[in-house]
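Enquirer: Input file: run.pdb. Contents: PDB, C-alpha atoms.
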```
ATOM      1  CA  MET A   5      13.400 -20.137  -0.031  1.00  0.00           C
ATOM      2  CA  LYS A   6      11.438 -17.361  -1.720  1.00  0.00           C
ATOM      3  CA  GLY A   7      12.928 -13.883  -1.472  1.00  0.00           C
ATOM      4  CA  TRP A   8      16.323 -12.469  -0.626  1.00  0.00           C
ATOM      5  CA  PRO A   9      18.513 -14.761   1.486  1.00  0.00           C
ATOM      6  CA  GLY A  10      20.027 -13.471   4.709  1.00  0.00           C
ATOM      7  CA  GLU A  11      17.255 -11.091   5.781  1.00  0.00           C
ATOM      8  CA  PRO A  12      17.398 -10.351   9.534  1.00  0.00           C
ATOM      9  CA  ASP A  13      14.288  -9.812  11.652  1.00  0.00           C
ATOM     10  CA  MET A  14      13.311  -6.150  11.742  1.00  0.00           C
ATOM     11  CA  GLU A  15      10.065  -4.281  12.256  1.00  0.00           C
ATOM     12  CA  TYR A  16       8.608  -2.284   9.405  1.00  0.00           C
ATOM     13  CA  ASP A  17       7.980   1.448   9.534  1.00  0.00           C
ATOM     14  CA  VAL A  18      10.049   2.284  12.625  1.00  0.00           C
ATOM     15  CA  LEU A  19      13.181   4.385  12.814  1.00  0.00           C
ATOM     16  CA  VAL A  20      16.231   2.203  13.517  1.00  0.00           C
ATOM     17  CA  ALA A  21      19.425   3.743  14.877  1.00  0.00           C
ATOM     18  CA  ASP A  22      21.674   0.918  16.007  1.00  0.00           C
ATOM     19  CA  GLY A  23      25.459   0.635  16.062  1.00  0.00           C
ATOM     20  CA  GLU A  24      27.182   3.697  14.631  1.00  0.00           C
ATOM     21  CA  ALA A  25      23.800   5.324  13.978  1.00  0.00           C
ATOM     22  CA  ALA A  26      22.912   5.373  17.688  1.00  0.00           C
ATOM     23  CA  ALA A  27      24.978   8.540  18.133  1.00  0.00           C
ATOM     24  CA  ASN A  28      22.717  10.307  15.618  1.00  0.00           C
ATOM     25  CA  ALA A  29      19.374   9.329  17.172  1.00  0.00           C
ATOM     26  CA  GLY A  30      17.235  12.422  17.657  1.00  0.00           C
ATOM     27  CA  LYS A  31      19.339  14.710  15.494  1.00  0.00           C
ATOM     28  CA  PRO A  32      17.537  16.916  12.940  1.00  0.00           C
ATOM     29  CA  ILE A  33      16.816  15.219   9.612  1.00  0.00           C
ATOM     30  CA  THR A  34      18.346  17.160   6.736  1.00  0.00           C
ATOM     31  CA  ASP A  35      18.387  14.481   4.025  1.00  0.00           C
ATOM     32  CA  VAL A  36      16.285  11.456   3.070  1.00  0.00           C
ATOM     33  CA  ILE A  37      17.867   8.722   0.945  1.00  0.00           C
ATOM     34  CA  PHE A  38      15.458   6.398  -0.852  1.00  0.00           C
ATOM     35  CA  ASP A  39      15.910   2.923  -2.238  1.00  0.00           C
ATOM     36  CA  PHE A  40      14.015   2.538  -5.528  1.00  0.00           C
ATOM     37  CA  GLY A  41      12.429  -0.921  -5.858  1.00  0.00           C
ATOM     38  CA  ASN A  42       9.250  -1.241  -3.762  1.00  0.00           C
ATOM     39  CA  VAL A  43       9.957   2.077  -2.041  1.00  0.00           C
ATOM     40  CA  LEU A  44       9.537   4.630  -4.847  1.00  0.00           C
ATOM     41  CA  ILE A  45       8.615   2.306  -7.719  1.00  0.00           C
ATOM     42  CA  TYR A  46       7.130  -1.173  -7.748  1.00  0.00           C
ATOM     43  CA  TRP A  47       9.400  -4.012  -8.867  1.00  0.00           C
ATOM     44  CA  ASP A  48       7.707  -7.381  -9.378  1.00  0.00           C
ATOM     45  CA  PRO A  49       9.721 -10.039 -11.236  1.00  0.00           C
ATOM     46  CA  ALA A  50       6.690 -12.331 -11.347  1.00  0.00           C
ATOM     47  CA  ALA A  51       4.894  -9.805 -13.552  1.00  0.00           C
ATOM     48  CA  VAL A  52       7.465 -10.449 -16.298  1.00  0.00           C
ATOM     49  CA  LEU A  53       6.946 -14.194 -16.277  1.00  0.00           C
ATOM     50  CA  ILE A  54       3.154 -14.483 -16.282  1.00  0.00           C
ATOM     51  CA  PRO A  55       2.743 -14.558 -20.101  1.00  0.00           C
ATOM     52  CA  ARG A  56       5.048 -17.556 -20.557  1.00  0.00           C
ATOM     53  CA  TYR A  57       5.257 -19.573 -17.343  1.00  0.00           C
ATOM     54  CA  SER A  58       2.925 -21.348 -14.952  1.00  0.00           C
ATOM     55  CA  GLN A  59       2.531 -20.178 -11.357  1.00  0.00           C
ATOM     56  CA  LYS A  60       4.422 -23.280 -10.229  1.00  0.00           C
ATOM     57  CA  THR A  61       7.389 -22.409 -12.453  1.00  0.00           C
ATOM     58  CA  ILE A  62       7.293 -18.762 -11.358  1.00  0.00           C
ATOM     59  CA  ASP A  63       7.282 -19.769  -7.693  1.00  0.00           C
ATOM     60  CA  GLU A  64      10.218 -22.090  -8.276  1.00  0.00           C
ATOM     61  CA  PHE A  65      12.166 -19.457 -10.219  1.00  0.00           C
ATOM     62  CA  LEU A  66      11.680 -16.998  -7.349  1.00  0.00           C
ATOM     63  CA  ASP A  67      12.873 -19.608  -4.849  1.00  0.00           C
ATOM     64  CA  ASN A  68      16.566 -18.901  -4.465  1.00  0.00           C
ATOM     65  CA  ASP A  69      17.323 -22.454  -3.331  1.00  0.00           C
ATOM     66  CA  ILE A  70      15.950 -23.809  -6.611  1.00  0.00           C
ATOM     67  CA  SER A  71      17.036 -21.280  -9.246  1.00  0.00           C
ATOM     68  CA  GLY A  72      19.608 -19.045  -7.562  1.00  0.00           C
ATOM     69  CA  PHE A  73      17.711 -16.025  -8.935  1.00  0.00           C
ATOM     70  CA  TYR A  74      18.499 -13.718  -6.028  1.00  0.00           C
ATOM     71  CA  ASP A  75      22.127 -14.804  -5.939  1.00  0.00           C
ATOM     72  CA  VAL A  76      22.662 -13.805  -9.556  1.00  0.00           C
ATOM     73  CA  ASN A  77      20.695 -10.620  -8.970  1.00  0.00           C
ATOM     74  CA  ASP A  78      23.262  -9.705  -6.337  1.00  0.00           C
ATOM     75  CA  LEU A  79      26.055 -10.400  -8.812  1.00  0.00           C
ATOM     76  CA  MET A  80      24.448  -8.208 -11.481  1.00  0.00           C
ATOM     77  CA  ASP A  81      23.730  -5.462  -8.964  1.00  0.00           C
ATOM     78  CA  GLY A  82      27.407  -5.560  -8.030  1.00  0.00           C
ATOM     79  CA  GLY A  83      28.529  -4.928 -11.595  1.00  0.00           C
ATOM     80  CA  MET A  84      28.478  -8.317 -13.362  1.00  0.00           C
ATOM     81  CA  ASP A  85      27.052  -8.154 -16.887  1.00  0.00           C
ATOM     82  CA  THR A  86      23.898 -10.077 -17.689  1.00  0.00           C
ATOM     83  CA  ASP A  87      25.510 -12.601 -20.051  1.00  0.00           C
ATOM     84  CA  GLU A  88      27.969 -13.689 -17.382  1.00  0.00           C
ATOM     85  CA  ALA A  89      25.198 -13.971 -14.799  1.00  0.00           C
ATOM     86  CA  ILE A  90      23.139 -16.152 -17.141  1.00  0.00           C
ATOM     87  CA  ALA A  91      26.165 -18.355 -17.753  1.00  0.00           C
ATOM     88  CA  ILE A  92      26.699 -18.794 -14.014  1.00  0.00           C
ATOM     89  CA  MET A  93      23.065 -19.766 -13.494  1.00  0.00           C
ATOM     90  CA  ARG A  94      23.289 -22.198 -16.419  1.00  0.00           C
ATOM     91  CA  LYS A  95      26.368 -23.847 -14.905  1.00  0.00           C
ATOM     92  CA  ASP A  96      25.083 -23.928 -11.319  1.00  0.00           C
ATOM     93  CA  LYS A  97      21.343 -24.473 -11.769  1.00  0.00           C
ATOM     94  CA  GLY A  98      20.767 -25.714 -15.311  1.00  0.00           C
ATOM     95  CA  ASP A  99      19.388 -24.603 -18.667  1.00  0.00           C
ATOM     96  CA  LYS A 100      15.769 -24.258 -17.535  1.00  0.00           C
ATOM     97  CA  TRP A 101      16.434 -21.511 -15.038  1.00  0.00           C
ATOM     98  CA  ALA A 102      19.087 -19.801 -17.163  1.00  0.00           C
ATOM     99  CA  ASP A 103      16.648 -19.591 -20.083  1.00  0.00           C
ATOM    100  CA  ILE A 104      14.005 -18.060 -17.808  1.00  0.00           C
ATOM    101  CA  LEU A 105      16.555 -15.538 -16.537  1.00  0.00           C
ATOM    102  CA  GLN A 106      17.301 -14.576 -20.143  1.00  0.00           C
ATOM    103  CA  TYR A 107      13.572 -14.111 -20.765  1.00  0.00           C
ATOM    104  CA  TYR A 108      13.276 -12.026 -17.587  1.00  0.00           C
ATOM    105  CA  ILE A 109      16.152  -9.749 -18.637  1.00  0.00           C
ATOM    106  CA  ASP A 110      14.818  -9.391 -22.185  1.00  0.00           C
ATOM    107  CA  ASN A 111      11.422  -8.315 -20.833  1.00  0.00           C
ATOM    108  CA  PHE A 112      12.639  -6.503 -17.725  1.00  0.00           C
ATOM    109  CA  ARG A 113      10.510  -3.413 -18.297  1.00  0.00           C
ATOM    110  CA  ASP A 114       7.399  -5.449 -17.445  1.00  0.00           C
ATOM    111  CA  SER A 115       8.721  -5.884 -13.887  1.00  0.00           C
ATOM    112  CA  LEU A 116       8.298  -2.153 -13.182  1.00  0.00           C
ATOM    113  CA  THR A 117       4.600  -1.882 -12.499  1.00  0.00           C
ATOM    114  CA  GLY A 118       4.176   1.712 -11.302  1.00  0.00           C
ATOM    115  CA  ILE A 119       4.897   4.360  -8.709  1.00  0.00           C
ATOM    116  CA  VAL A 120       4.388   3.464  -5.044  1.00  0.00           C
ATOM    117  CA  PRO A 121       1.328   5.415  -3.832  1.00  0.00           C
ATOM    118  CA  GLY A 122       2.284   8.661  -2.155  1.00  0.00           C
ATOM    119  CA  ALA A 123       5.917   8.547  -3.228  1.00  0.00           C
ATOM    120  CA  ARG A 124       5.789  11.319  -5.809  1.00  0.00           C
ATOM    121  CA  VAL A 125       4.049  13.783  -3.494  1.00  0.00           C
ATOM    122  CA  LEU A 126       6.317  12.862  -0.572  1.00  0.00           C
ATOM    123  CA  VAL A 127       9.438  13.589  -2.629  1.00  0.00           C
ATOM    124  CA  ASN A 128       7.984  16.956  -3.682  1.00  0.00           C
ATOM    125  CA  ASP A 129       6.912  17.810  -0.119  1.00  0.00           C
ATOM    126  CA  LEU A 130      10.388  17.026   1.224  1.00  0.00           C
ATOM    127  CA  LYS A 131      12.037  19.188  -1.406  1.00  0.00           C
ATOM    128  CA  ALA A 132       9.634  22.042  -0.658  1.00  0.00           C
ATOM    129  CA  ALA A 133      10.605  21.734   3.015  1.00  0.00           C
ATOM    130  CA  GLY A 134      14.295  22.104   2.147  1.00  0.00           C
ATOM    131  CA  ILE A 135      15.157  18.464   2.776  1.00  0.00           C
ATOM    132  CA  GLY A 136      17.697  16.844   0.451  1.00  0.00           C
ATOM    133  CA  VAL A 137      16.155  13.925  -1.446  1.00  0.00           C
ATOM    134  CA  TRP A 138      18.482  11.254  -2.823  1.00  0.00           C
ATOM    135  CA  GLY A 139      18.431   7.758  -4.311  1.00  0.00           C
ATOM    136  CA  LEU A 140      20.610   4.759  -3.453  1.00  0.00           C
ATOM    137  CA  SER A 141      19.698   1.531  -5.177  1.00  0.00           C
ATOM    138  CA  ASN A 142      21.014  -1.887  -6.089  1.00  0.00           C
ATOM    139  CA  TRP A 143      20.393  -2.139  -9.844  1.00  0.00           C
ATOM    140  CA  GLU A 144      22.053  -3.823 -12.808  1.00  0.00           C
ATOM    141  CA  ALA A 145      23.714  -1.113 -14.886  1.00  0.00           C
ATOM    142  CA  SER A 146      22.458  -2.057 -18.356  1.00  0.00           C
ATOM    143  CA  LEU A 147      18.836  -2.295 -17.123  1.00  0.00           C
ATOM    144  CA  PHE A 148      18.708   0.948 -15.178  1.00  0.00           C
ATOM    145  CA  HIS A 149      17.783   3.037 -18.218  1.00  0.00           C
ATOM    146  CA  VAL A 150      14.448   1.195 -18.256  1.00  0.00           C
ATOM    147  CA  ALA A 151      13.612   2.534 -14.790  1.00  0.00           C
ATOM    148  CA  GLU A 152      14.621   6.064 -15.765  1.00  0.00           C
ATOM    149  CA  GLU A 153      12.502   5.893 -18.924  1.00  0.00           C
ATOM    150  CA  GLN A 154       9.398   4.479 -17.253  1.00  0.00           C
ATOM    151  CA  CYS A 155       9.497   6.104 -13.826  1.00  0.00           C
ATOM    152  CA  ASP A 156       9.899   9.873 -13.943  1.00  0.00           C
ATOM    153  CA  ILE A 157       9.942  10.084 -10.140  1.00  0.00           C
ATOM    154  CA  LEU A 158      13.624   9.153 -10.356  1.00  0.00           C
ATOM    155  CA  GLN A 159      14.266  12.412 -12.191  1.00  0.00           C
ATOM    156  CA  GLN A 160      12.821  14.380  -9.239  1.00  0.00           C
ATOM    157  CA  LEU A 161      15.637  13.319  -6.911  1.00  0.00           C
ATOM    158  CA  ASP A 162      18.522  15.663  -6.118  1.00  0.00           C
ATOM    159  CA  GLY A 163      20.961  12.887  -7.048  1.00  0.00           C
ATOM    160  CA  LYS A 164      21.305   9.140  -7.132  1.00  0.00           C
ATOM    161  CA  LEU A 165      23.914   6.413  -6.858  1.00  0.00           C
ATOM    162  CA  VAL A 166      23.281   3.040  -8.498  1.00  0.00           C
ATOM    163  CA  SER A 167      25.223  -0.068  -7.534  1.00  0.00           C
ATOM    164  CA  GLY A 168      25.861  -1.523 -10.973  1.00  0.00           C
ATOM    165  CA  PHE A 169      27.721   1.578 -12.134  1.00  0.00           C
ATOM    166  CA  VAL A 170      30.009   1.861  -9.103  1.00  0.00           C
ATOM    167  CA  LYS A 171      30.421  -1.928  -8.652  1.00  0.00           C
ATOM    168  CA  LEU A 172      29.449  -1.703  -4.998  1.00  0.00           C
ATOM    169  CA  ARG A 173      26.156  -2.810  -3.506  1.00  0.00           C
ATOM    170  CA  LYS A 174      24.077  -2.700  -0.384  1.00  0.00           C
ATOM    171  CA  PRO A 175      24.338  -3.823   2.365  1.00  0.00           C
ATOM    172  CA  HIS A 176      28.135  -3.356   2.221  1.00  0.00           C
ATOM    173  CA  LYS A 177      29.220  -0.181   3.991  1.00  0.00           C
ATOM    174  CA  GLU A 178      31.368   1.052   1.101  1.00  0.00           C
ATOM    175  CA  ILE A 179      28.339   1.964  -1.020  1.00  0.00           C
ATOM    176  CA  TYR A 180      26.784   4.052   1.747  1.00  0.00           C
ATOM    177  CA  GLU A 181      30.077   5.849   2.247  1.00  0.00           C
ATOM    178  CA  ALA A 182      30.274   6.433  -1.508  1.00  0.00           C
ATOM    179  CA  ALA A 183      26.732   7.820  -1.497  1.00  0.00           C
ATOM    180  CA  LEU A 184      27.451  10.280   1.322  1.00  0.00           C
ATOM    181  CA  LYS A 185      30.496  11.498  -0.567  1.00  0.00           C
ATOM    182  CA  GLU A 186      28.676  11.697  -3.915  1.00  0.00           C
ATOM    183  CA  PHE A 187      25.757  13.631  -2.432  1.00  0.00           C
ATOM    184  CA  GLY A 188      27.956  15.842  -0.263  1.00  0.00           C
ATOM    185  CA  ILE A 189      25.940  15.126   2.887  1.00  0.00           C
ATOM    186  CA  LYS A 190      26.667  13.884   6.392  1.00  0.00           C
ATOM    187  CA  ALA A 191      25.438  10.683   7.995  1.00  0.00           C
ATOM    188  CA  GLU A 192      24.249  12.489  11.123  1.00  0.00           C
ATOM    189  CA  GLY A 193      21.415  14.259   9.299  1.00  0.00           C
ATOM    190  CA  ALA A 194      20.446  11.448   6.930  1.00  0.00           C
ATOM    191  CA  VAL A 195      17.711   8.828   7.050  1.00  0.00           C
ATOM    192  CA  PHE A 196      17.704   5.862   4.660  1.00  0.00           C
ATOM    193  CA  ILE A 197      14.459   4.225   3.494  1.00  0.00           C
ATOM    194  CA  ASP A 198      14.602   0.662   2.125  1.00  0.00           C
ATOM    195  CA  ASP A 199      12.269  -2.330   2.036  1.00  0.00           C
ATOM    196  CA  LYS A 200      15.012  -4.811   2.984  1.00  0.00           C
ATOM    197  CA  ALA A 201      16.133  -5.114   6.593  1.00  0.00           C
ATOM    198  CA  MET A 202      19.715  -6.048   5.678  1.00  0.00           C
ATOM    199  CA  ASN A 203      20.121  -2.704   3.942  1.00  0.00           C
ATOM    200  CA  ILE A 204      18.987  -0.792   7.026  1.00  0.00           C
ATOM    201  CA  VAL A 205      21.602  -2.718   9.017  1.00  0.00           C
ATOM    202  CA  GLY A 206      24.139  -1.614   6.396  1.00  0.00           C
ATOM    203  CA  SER A 207      23.138   2.040   6.656  1.00  0.00           C
ATOM    204  CA  ASN A 208      23.336   1.950  10.465  1.00  0.00           C
ATOM    205  CA  ALA A 209      26.909   0.655  10.184  1.00  0.00           C
ATOM    206  CA  VAL A 210      28.002   4.004   8.714  1.00  0.00           C
ATOM    207  CA  GLY A 211      25.893   6.144  11.038  1.00  0.00           C
ATOM    208  CA  ILE A 212      22.786   6.593   8.872  1.00  0.00           C
ATOM    209  CA  ARG A 213      19.469   6.013  10.611  1.00  0.00           C
ATOM    210  CA  GLY A 214      17.056   3.867   8.624  1.00  0.00           C
ATOM    211  CA  MET A 215      13.511   2.650   8.210  1.00  0.00           C
ATOM    212  CA  ARG A 216      12.372  -0.632   6.722  1.00  0.00           C
ATOM    213  CA  PHE A 217       9.604   0.567   4.435  1.00  0.00           C
ATOM    214  CA  GLN A 218       6.152  -0.929   4.039  1.00  0.00           C
ATOM    215  CA  ASP A 219       3.497   1.772   4.522  1.00  0.00           C
ATOM    216  CA  PRO A 220       3.765   5.194   2.804  1.00  0.00           C
ATOM    217  CA  VAL A 221       1.456   6.875   5.327  1.00  0.00           C
ATOM    218  CA  LYS A 222       3.556   5.604   8.233  1.00  0.00           C
ATOM    219  CA  LEU A 223       6.705   6.858   6.518  1.00  0.00           C
ATOM    220  CA  ARG A 224       5.223  10.340   6.214  1.00  0.00           C
ATOM    221  CA  GLN A 225       4.111  10.300   9.840  1.00  0.00           C
ATOM    222  CA  LEU A 226       7.487   9.016  11.038  1.00  0.00           C
ATOM    223  CA  LEU A 227       9.285  11.859   9.281  1.00  0.00           C
ATOM    224  CA  ILE A 228       6.871  14.408  10.754  1.00  0.00           C
ATOM    225  CA  ALA A 229       7.281  12.916  14.236  1.00  0.00           C
ATOM    226  CA  ASN A 230      11.025  13.408  13.845  1.00  0.00           C
ATOM    227  CA  GLY A 231      10.757  17.091  13.039  1.00  0.00           C
ATOM    228  CA  VAL A 232      10.396  17.183   9.249  1.00  0.00           C
ATOM    229  CA  ASN A 233       8.014  20.005   8.318  1.00  0.00           C
ATOM    230  CA  ILE A 234       5.773  18.420   5.683  1.00  0.00           C
ATOM    231  CA  PRO A 235       1.952  18.189   5.525  1.00  0.00           C
ATOM    232  CA  ASN A 236       0.369  15.445   7.599  1.00  0.00           C
ATOM    233  CA  VAL A 237      -2.483  13.189   6.534  1.00  0.00           C
ATOM    234  CA  GLN A 238      -5.788  14.871   7.367  1.00  0.00           C
TER     235      GLN A 238
END
```
Show me this structure written as structure tokens.

Expert:
Amino acid sequence: MKGWPGEPDMEYDVLVADGEAAANAGKPITDVIFDFGNVLIYWDPAAVLIPRYSQKTIDEFLDNDISGFYDVNDLMDGGMDTDEAIAIMRKDKGDKWADILQYYIDNFRDSLTGIVPGARVLVNDLKAAGIGVWGLSNWEASLFHVAEEQCDILQQLDGKLVSGFVKLRKPHKEIYEAALKEFGIKAEGAVFIDDKAMNIVGSNAVGIRGMRFQDPVKLRQLLIANGVNIPNVQ
């Protein structure tokens, strides 16, 4: 199976306020919390592997049933160091995939392929409108400096919480609660933007409305439709 296991069905680019978040539907938006990978910055693990591996091998490595890549990603995002994660993959899936994981980690910076179109201006527009702009991301601690070095949009945020440093990860509710506390904001005014449906489910569980991101123009229009005073597309 290619991609993250356990993804529920969810529409893209619509505001979701289920469970605990239902009580906050329609309330003014005061804060927007962004995931990083494929929301603010592009993350493409295949881009790392192209110089050394065939498309067949890349497809197999990114198939969790074959390599366990996404399983060990979750472990690293939750605070496990890279050497231990490689050892687990070597034991569970074999030397081939563990060696590719080592190569991927060694060349991780090649997986960050640029800023998502519109993201930089959206962050600036939200800040100009007086909206708090925050980051909440699953990311392995020792690799996060690469994102900060390559992607200056992360420095524009009012604050950020990264899973590998706090040893909590999405979609578990504890990391959202930690983020609200760290940022000093309330769930009732917050909206969380993430490309994975499971993480929107997680945000709803603590009262934060969410949107599964795909289209930057639709994100801008959704925020405007919900009362955020930023420029619309002309």

Enquirer: Nearest to Val195 in chain A: which of A:Leu66, A:Ile157, A:Ile135, A:Ala102 is it, counting only C-alpha atoms?

Expert: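 Smallest distance to Val195 in chain A is found for A:Ile135.
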
Enquirer: Give me, as a VMD selection string, all polymer residues having an atom no more than 6 Å from range 205-220 of chain A, counting only C-alpha atoms and skipping those fewer than 4 positions away in the same chain.

Expert: chain A and resid 16 to 22 24 to 25 175 177 191 194 to 199 201

Enquirer: Quick one: everything within 10 Å of Leu116 in chain A, counting only C-alpha atoms, minus sequence neighbours fewer than 4 positions away in the same chain. Send it as a PyMOL selection string.

Expert: chain A and resi 41-42+45-49+51-52+112+150-151+154-155

Enquirer: In Å to one decimal, how far is CA of Pro32 in chain A from CA of Asp129 in chain A?

Expert: 16.9 Å

Enquirer: The PyMOL selection byres ((chain A and resi 162) around 8) - which residues does that actually catch in the file I just gave you? List them as an MDAnalysis selection string.

Expert: chainID A and resid 136:138 160:161 163:164

Enquirer: Name the residues that the PyMOL selection byres ((chain A and resi 224) around 12) picks from the file above, as a PyMOL selection string, using the file's chain letters and numbers.

Expert: chain A and resi 17-19+36+121-123+125-127+129-130+197+215+217-223+225-238

Enquirer: For each of A:Leu105, A:Leu184, A:Met202, A:Ile90, take the minimum atom-to-atom distance to Gly139 in chain A, counting only C-alpha atoms, then give the residue where this is smallest.

Expert: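 Of A:Leu105, A:Leu184, A:Met202, A:Ile90, the one nearest Gly139 in chain A is A:Leu184, counting only C-alpha atoms.
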
Enquirer: Grab the CA of Gly168 in chain A to CA of Asp13 in chain A distance for me, in Å with one decimal place.

Expert: 26.7 Å
